[in-house]
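For reference, the structure discussed in these notes is given below.
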Amino acid sequence: MLGLRWFGRLGRASAALRLPVRPTLGGLLSTSTSLHASPSARGAMPGSGIHTPNVLRAPLVALEIRPDGTVEHREWEKNSLAKELSVTPRDLRTIDSTFRLQMPVIFTRGPCIFLQLDYFRLIVQPDRVLLFDPLHPDAQELLPVLLDRCQHTNGPAFEFRALEGVFDGLLTLMTRQLQTLAPAVRNALDLLQTSTSERSLERLLPLKNSVSVFRKSISEIHNAFSQVINDDENMAEMYITVKNETGHRIRVDQHEEMEYLLERYMTEVEEIAGELASVNTTIKHTEDIVEINLDAKRNRIMQINLMLNTTTMALASGGLVASVFGMNLLSRLESHPGAFLYVSGGIALSSGIIIGSALAYFKSRRVL
């Protein structure tokens, strides 16, 4: 009984000491959404009053862009959006921001073109574009470009205009990132060549990591373009306006316009990748030069250390002779008038011979 009372007091004390939690924007949004959801949708555990968050059931948020330029904020549950688009929930993983570690991909499912290009997550349909994760800075920068392209009524089908807007926004972001990263790398390399210090190395390291991450991202995006171009059936399926109007897709060998569009943007991605590879090559060449300079300095320090050790050994041999004469033993030289000069001269001569012989030996072995 005493133990039960003690645990009860401890529980009441811990409840009284709980600190208030400051609500966040995401928490307020999730709370307002949960007010209109059923207990099962809110992640309620059966038979208990405890509600657990369910990330997989979070609504998908997107901006719906129409050809006339109207933009509307939309939210769906994953299953309801899958039914609306006539696709499977598994296909929606591409545009679901909760799945972070995904490779860039472009593919078609029914009347929808799915795009996940590292920066953007979109679904293109014959009469609208769904831009997911709209609060992301990259998505906000893409929106005006996409609106400008989609509102051009004169020209190719809507999906072509939407894809051009997405690819233009993608190249704009990649080019700007390259223009920001390349000068910073060059400045860091110039500083490193001028002064090989710890500060210059610390400045170069994060830039080198950024270049590596950027190169990997560009390579993955290039692979996404390449996979689509090498798949004739997928390119034929991307003519979703024709498929929506006629009820069937075009022939597999009639996708020249889509292939030209994809090849044009893939070529520009390759140009950015080439410029970034040049920056990476410059980093490696500078690192090699710095490594050679550091090796030369290290070798010079080792040579100086070797000369100092040789000199120390020669002087130590002279000190041995001096210590022998310093013993309190009679050697019959105590009364000799020139003994001090003879012994000192012999010590100096022997030390010089030892140092000269050692240096000559090291030079013959090309150590010095």
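Each chain in the structure tokens gets a letter, A, B and so on, in the order shown; residues start at 1 in every chain, and ligands are counted from 1 in the order they appear.
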
### Query
Do you know which residues are at most 8 Å from Leu63 (chain A) counting only C-alpha atoms, after dropping those on the same chain fewer than 3 positions away, and could you put them as an MDAnalysis selection string?
chainID A and resid 71:74 129:132 134

### Query
If you run DSSP on the backbone, which residues of region 55-285 of chain A are strand (DSSP E or B), as a ChimeraX atom specification?
/A:60-65,71-76,105-109,112-116,121-125,128-132

Since we have the selection now, will you write its residues out, keeping N, CA and C atoms, as a CSV table (one decimal), in the first residue's frame?
```csv
chain,number,residue,atom,x,y,z
A,60,LEU,N,-2.0,15.5,-48.5
A,60,LEU,CA,-1.1,16.0,-49.5
A,60,LEU,C,-1.5,17.4,-49.9
A,61,VAL,N,-0.6,18.4,-49.8
A,61,VAL,CA,-0.9,19.8,-50.1
A,61,VAL,C,-0.3,20.2,-51.4
A,62,ALA,N,-1.0,20.9,-52.2
A,62,ALA,CA,-0.5,21.2,-53.5
A,62,ALA,C,-1.2,22.5,-54.0
A,63,LEU,N,-0.6,23.2,-55.0
A,63,LEU,CA,-1.2,24.3,-55.7
A,63,LEU,C,-1.7,23.7,-57.1
A,64,GLU,N,-3.0,24.0,-57.4
A,64,GLU,CA,-3.5,23.5,-58.6
A,64,GLU,C,-3.5,24.7,-59.6
A,65,ILE,N,-2.8,24.5,-60.7
A,65,ILE,CA,-2.5,25.6,-61.7
A,65,ILE,C,-3.3,25.2,-62.9
A,71,VAL,N,-4.9,29.8,-59.8
A,71,VAL,CA,-4.1,29.0,-58.8
A,71,VAL,C,-5.0,28.8,-57.6
A,72,GLU,N,-5.1,27.5,-57.2
A,72,GLU,CA,-6.0,27.2,-56.1
A,72,GLU,C,-5.2,26.3,-55.1
A,73,HIS,N,-5.3,26.5,-53.8
A,73,HIS,CA,-4.7,25.7,-52.8
A,73,HIS,C,-5.6,24.5,-52.6
A,74,ARG,N,-5.0,23.3,-52.7
A,74,ARG,CA,-5.8,22.0,-52.5
A,74,ARG,C,-5.1,21.1,-51.5
A,75,GLU,N,-6.0,20.3,-50.9
A,75,GLU,CA,-5.5,19.3,-49.9
A,75,GLU,C,-6.3,18.0,-50.2
A,76,TRP,N,-5.6,16.9,-50.2
A,76,TRP,CA,-6.2,15.6,-50.3
A,76,TRP,C,-5.7,14.6,-49.3
A,105,VAL,N,12.9,11.2,-60.9
A,105,VAL,CA,12.2,10.3,-61.8
A,105,VAL,C,11.1,11.0,-62.6
A,106,ILE,N,10.9,10.6,-63.9
A,106,ILE,CA,9.8,11.1,-64.7
A,106,ILE,C,9.1,9.9,-65.3
A,107,PHE,N,7.8,9.8,-65.1
A,107,PHE,CA,7.1,8.6,-65.6
A,107,PHE,C,5.6,9.0,-65.8
A,108,THR,N,4.9,8.2,-66.5
A,108,THR,CA,3.5,8.4,-66.8
A,108,THR,C,2.6,7.3,-66.3
A,109,ARG,N,1.5,7.7,-65.6
A,109,ARG,CA,0.5,6.7,-65.2
A,109,ARG,C,-0.8,7.2,-65.6
A,112,CYS,N,-1.7,11.1,-66.2
A,112,CYS,CA,-0.8,11.9,-65.3
A,112,CYS,C,0.6,11.7,-65.7
A,113,ILE,N,1.4,12.8,-65.7
A,113,ILE,CA,2.9,12.7,-65.8
A,113,ILE,C,3.4,13.1,-64.4
A,114,PHE,N,4.2,12.2,-63.8
A,114,PHE,CA,4.7,12.4,-62.5
A,114,PHE,C,6.2,12.9,-62.7
A,115,LEU,N,6.5,13.9,-61.9
A,115,LEU,CA,7.9,14.4,-61.9
A,115,LEU,C,8.4,14.6,-60.5
A,116,GLN,N,9.5,14.1,-60.3
A,116,GLN,CA,10.2,14.3,-59.0
A,116,GLN,C,11.7,14.5,-59.4
A,121,ARG,N,8.3,18.6,-57.1
A,121,ARG,CA,7.4,17.4,-57.1
A,121,ARG,C,6.1,17.9,-57.7
A,122,LEU,N,5.8,17.3,-58.9
A,122,LEU,CA,4.6,17.8,-59.7
A,122,LEU,C,3.9,16.6,-60.3
A,123,ILE,N,2.6,16.9,-60.6
A,123,ILE,CA,1.8,16.0,-61.5
A,123,ILE,C,1.2,16.9,-62.6
A,124,VAL,N,1.4,16.5,-63.8
A,124,VAL,CA,0.9,17.2,-65.0
A,124,VAL,C,-0.2,16.4,-65.6
A,125,GLN,N,-1.4,17.1,-65.8
A,125,GLN,CA,-2.5,16.5,-66.4
A,125,GLN,C,-2.9,17.3,-67.6
A,128,ARG,N,-4.4,20.7,-66.0
A,128,ARG,CA,-3.9,21.3,-64.8
A,128,ARG,C,-2.6,20.7,-64.4
A,129,VAL,N,-1.9,21.5,-63.5
A,129,VAL,CA,-0.6,21.0,-62.9
A,129,VAL,C,-0.8,21.1,-61.4
A,130,LEU,N,-0.3,20.1,-60.7
A,130,LEU,CA,-0.4,20.0,-59.3
A,130,LEU,C,1.1,20.2,-58.8
A,131,LEU,N,1.4,21.3,-58.1
A,131,LEU,CA,2.7,21.6,-57.6
A,131,LEU,C,2.7,21.3,-56.1
A,132,PHE,N,3.3,20.2,-55.7
A,132,PHE,CA,3.3,19.8,-54.3
A,132,PHE,C,4.4,20.5,-53.5
```

### Task
Using DSSP on the backbone coordinates, identify all residues within region 65-172 of chain A classified as helix (DSSP H, G or I); present the result as a PyMOL selection string.
chain A and resi 78-85+89-95+137-150+158-172

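One distance worth recording is that between CA of Arg203 (chain A) and CA of Leu117 (chain A), which is 29.7 Å.
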
### Task
Write out as number ranges by chain each polymer residue whose atoms come within 12 Å of Val279 (chain A), counting only C-alpha atoms; drop sequence neighbours fewer than 2 positions from it.
A: 178-179, 181-189, 207-208, 210-212, 214-215, 272-277, 281-286

### Task
Fewer than 2 positions away in the same chain doesn't count, so skip those; otherwise give me all residues within 8 Å of Leu147 (chain A), counting only C-alpha atoms, as a list in words.
Ile65, Gly69, Leu143, Pro144, Val145, Arg149, Cys150, Gln151 and Gly165 of chain A

Dump of C-alpha atoms for the selected residues, as a PDB file, in the first residue's frame:
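Wrote part_14.pdb, looks like this:
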```pdb
ATOM      1  CA  ILE A  65      -2.548  25.559 -61.682  1.00  0.00           C
ATOM      2  CA  GLY A  69      -3.628  31.087 -64.874  1.00  0.00           C
ATOM      3  CA  LEU A 143       5.488  29.059 -59.647  1.00  0.00           C
ATOM      4  CA  PRO A 144       5.837  32.295 -61.734  1.00  0.00           C
ATOM      5  CA  VAL A 145       7.812  30.474 -64.439  1.00  0.00           C
ATOM      6  CA  ARG A 149       4.406  28.947 -69.609  1.00  0.00           C
ATOM      7  CA  CYS A 150       0.985  27.493 -68.886  1.00  0.00           C
ATOM      8  CA  GLN A 151      -0.869  30.672 -69.924  1.00  0.00           C
ATOM      9  CA  GLY A 165       8.072  25.537 -67.442  1.00  0.00           C
TER      10      GLY A 165
END
```

### Query
What does the distance from CA of Arg264 (chain A) to CA of Phe167 (chain A) come to in Å, to one decimal?
10.1 Å

Please tabulate, as a tab-separated table, the residues of region 259-298 of chain A that come within 8 Å of region 229-234 of chain A, each with its closest pair of atoms and the distance in Å to one decimal, counting only C-alpha atoms and ordering rows by chain, then residue number upward.
```
residue	atom	partner	partner_atom	distance
A:Glu259	CA	A:Ile229	CA	6.3
A:Leu262	CA	A:Ile229	CA	7.0
A:Glu263	CA	A:Ile229	CA	7.4
```

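When only C-alpha atoms are used to compute distances to Ile304 (chain A), the closest of the residues A:Gly110, A:Ser86, A:Val367, A:Ile95 turns out to be A:Val367.
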
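The space separating CA of Gly319 (chain A) from CA of Ser364 (chain A) comes to 28.2 Å.
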
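The shortest atom-to-atom distance to Leu81 (chain A), with only C-alpha atoms taken into account, belongs to A:Asp96 out of A:Asn309, A:Asp96, A:Asp133, A:Met235.
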
Compile the contact shell of Glu270 (chain A) as a PDB file with all heavy atoms, in the first residue's frame: residues with an atom at most 9 Å away, counting only C-alpha atoms, same-chain residues fewer than 4 positions apart removed.
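This is the output file result-v3.pdb:
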```pdb
ATOM      1  N   ILE A 218      22.938  16.423 -59.889  1.00  0.00           N
ATOM      2  CA  ILE A 218      22.863  16.610 -61.338  1.00  0.00           C
ATOM      3  C   ILE A 218      22.942  15.260 -62.048  1.00  0.00           C
ATOM      4  O   ILE A 218      22.234  15.019 -63.040  1.00  0.00           O
ATOM      5  CB  ILE A 218      23.976  17.552 -61.811  1.00  0.00           C
ATOM      6  CG1 ILE A 218      23.721  18.968 -61.307  1.00  0.00           C
ATOM      7  CG2 ILE A 218      24.086  17.551 -63.328  1.00  0.00           C
ATOM      8  CD1 ILE A 218      24.768  19.963 -61.711  1.00  0.00           C
ATOM      9  N   SER A 219      23.789  14.370 -61.562  1.00  0.00           N
ATOM     10  CA  SER A 219      23.901  13.045 -62.178  1.00  0.00           C
ATOM     11  C   SER A 219      22.588  12.272 -62.080  1.00  0.00           C
ATOM     12  O   SER A 219      22.172  11.610 -63.046  1.00  0.00           O
ATOM     13  CB  SER A 219      25.033  12.271 -61.494  1.00  0.00           C
ATOM     14  OG  SER A 219      25.114  10.950 -62.006  1.00  0.00           O
ATOM     15  N   HIS A 222      20.128  13.811 -64.548  1.00  0.00           N
ATOM     16  CA  HIS A 222      20.490  13.400 -65.911  1.00  0.00           C
ATOM     17  C   HIS A 222      20.055  11.962 -66.167  1.00  0.00           C
ATOM     18  O   HIS A 222      19.573  11.629 -67.270  1.00  0.00           O
ATOM     19  CB  HIS A 222      22.002  13.552 -66.099  1.00  0.00           C
ATOM     20  CG  HIS A 222      22.472  13.156 -67.470  1.00  0.00           C
ATOM     21  ND1 HIS A 222      22.862  11.875 -67.786  1.00  0.00           N
ATOM     22  CD2 HIS A 222      22.609  13.889 -68.610  1.00  0.00           C
ATOM     23  CE1 HIS A 222      23.218  11.811 -69.045  1.00  0.00           C
ATOM     24  NE2 HIS A 222      23.077  13.023 -69.574  1.00  0.00           N
ATOM     25  N   TYR A 265      16.630  19.691 -73.095  1.00  0.00           N
ATOM     26  CA  TYR A 265      16.897  20.030 -71.701  1.00  0.00           C
ATOM     27  C   TYR A 265      17.957  19.119 -71.096  1.00  0.00           C
ATOM     28  O   TYR A 265      18.714  19.551 -70.218  1.00  0.00           O
ATOM     29  CB  TYR A 265      15.606  19.964 -70.898  1.00  0.00           C
ATOM     30  CG  TYR A 265      14.702  21.151 -71.139  1.00  0.00           C
ATOM     31  CD1 TYR A 265      13.603  21.052 -71.993  1.00  0.00           C
ATOM     32  CD2 TYR A 265      14.960  22.384 -70.546  1.00  0.00           C
ATOM     33  CE1 TYR A 265      12.775  22.144 -72.228  1.00  0.00           C
ATOM     34  CE2 TYR A 265      14.141  23.480 -70.777  1.00  0.00           C
ATOM     35  CZ  TYR A 265      13.050  23.353 -71.626  1.00  0.00           C
ATOM     36  OH  TYR A 265      12.244  24.441 -71.855  1.00  0.00           O
ATOM     37  N   MET A 266      18.035  17.872 -71.548  1.00  0.00           N
ATOM     38  CA  MET A 266      19.085  16.999 -71.039  1.00  0.00           C
ATOM     39  C   MET A 266      20.458  17.497 -71.474  1.00  0.00           C
ATOM     40  O   MET A 266      21.441  17.386 -70.736  1.00  0.00           O
ATOM     41  CB  MET A 266      18.867  15.566 -71.513  1.00  0.00           C
ATOM     42  CG  MET A 266      19.830  14.566 -70.861  1.00  0.00           C
ATOM     43  SD  MET A 266      19.544  12.848 -71.334  1.00  0.00           S
ATOM     44  CE  MET A 266      20.110  12.900 -73.028  1.00  0.00           C
ATOM     45  N   GLY A 274      29.074  19.453 -66.953  1.00  0.00           N
ATOM     46  CA  GLY A 274      30.447  19.623 -67.431  1.00  0.00           C
ATOM     47  C   GLY A 274      31.161  20.777 -66.736  1.00  0.00           C
ATOM     48  O   GLY A 274      32.339  20.662 -66.371  1.00  0.00           O
ATOM     49  N   GLU A 275      30.466  21.894 -66.550  1.00  0.00           N
ATOM     50  CA  GLU A 275      31.079  23.022 -65.841  1.00  0.00           C
ATOM     51  C   GLU A 275      31.377  22.662 -64.388  1.00  0.00           C
ATOM     52  O   GLU A 275      32.433  23.043 -63.850  1.00  0.00           O
ATOM     53  CB  GLU A 275      30.143  24.228 -65.893  1.00  0.00           C
ATOM     54  CG  GLU A 275      29.941  24.782 -67.301  1.00  0.00           C
ATOM     55  CD  GLU A 275      29.008  25.975 -67.313  1.00  0.00           C
ATOM     56  OE1 GLU A 275      28.665  26.460 -66.210  1.00  0.00           O
ATOM     57  OE2 GLU A 275      28.620  26.429 -68.410  1.00  0.00           O
TER      58      GLU A 275
END
```

#### Entry: Neighbour list for region 239-246 of chain A as a list of chain:residue names, cut-off 6 Å, only C-alpha atoms, skip fewer than 2 positions in-chain
A:Pro111, A:Pro126, A:Ala236, A:Glu237, A:His248, A:Arg249

Could you save the residues just selected, with all heavy atoms, as a CSV table (one decimal), in the first residue's frame?
```csv
chain,number,residue,atom,x,y,z
A,111,PRO,N,-3.6,9.3,-67.1
A,111,PRO,CA,-3.6,10.6,-67.6
A,111,PRO,C,-2.7,11.6,-66.9
A,111,PRO,O,-2.9,12.8,-67.0
A,111,PRO,CB,-5.1,11.0,-67.4
A,111,PRO,CG,-5.5,10.3,-66.2
A,111,PRO,CD,-4.7,9.0,-66.2
A,126,PRO,N,-3.8,16.8,-68.4
A,126,PRO,CA,-4.2,17.6,-69.6
A,126,PRO,C,-4.8,19.0,-69.3
A,126,PRO,O,-4.7,19.9,-70.2
A,126,PRO,CB,-5.2,16.7,-70.3
A,126,PRO,CG,-4.9,15.3,-69.8
A,126,PRO,CD,-4.5,15.5,-68.4
A,236,ALA,N,5.7,7.9,-75.5
A,236,ALA,CA,4.4,7.9,-76.2
A,236,ALA,C,3.3,8.1,-75.2
A,236,ALA,O,2.3,8.8,-75.5
A,236,ALA,CB,4.2,6.6,-77.0
A,237,GLU,N,3.4,7.6,-74.0
A,237,GLU,CA,2.4,7.8,-73.0
A,237,GLU,C,2.3,9.2,-72.5
A,237,GLU,O,1.3,9.6,-71.9
A,237,GLU,CB,2.7,6.9,-71.8
A,237,GLU,CG,2.5,5.4,-72.0
A,237,GLU,CD,1.0,5.0,-72.0
A,237,GLU,OE1,0.2,5.8,-71.6
A,237,GLU,OE2,0.7,3.8,-72.4
A,248,HIS,N,-7.0,6.8,-76.7
A,248,HIS,CA,-5.8,5.9,-76.8
A,248,HIS,C,-4.6,6.7,-77.1
A,248,HIS,O,-4.7,7.9,-77.5
A,248,HIS,CB,-6.1,4.9,-77.9
A,248,HIS,CG,-6.3,5.5,-79.3
A,248,HIS,ND1,-5.3,6.0,-80.1
A,248,HIS,CD2,-7.5,5.8,-79.9
A,248,HIS,CE1,-5.8,6.5,-81.2
A,248,HIS,NE2,-7.2,6.5,-81.1
A,249,ARG,N,-3.5,6.1,-76.8
A,249,ARG,CA,-2.2,6.8,-76.9
A,249,ARG,C,-1.8,6.8,-78.4
A,249,ARG,O,-2.3,6.1,-79.2
A,249,ARG,CB,-1.1,6.2,-76.1
A,249,ARG,CG,-0.6,4.9,-76.6
A,249,ARG,CD,0.5,4.3,-75.7
A,249,ARG,NE,1.0,3.1,-76.4
A,249,ARG,CZ,1.9,2.3,-75.8
A,249,ARG,NH1,2.2,2.5,-74.6
A,249,ARG,NH2,2.4,1.2,-76.5
```
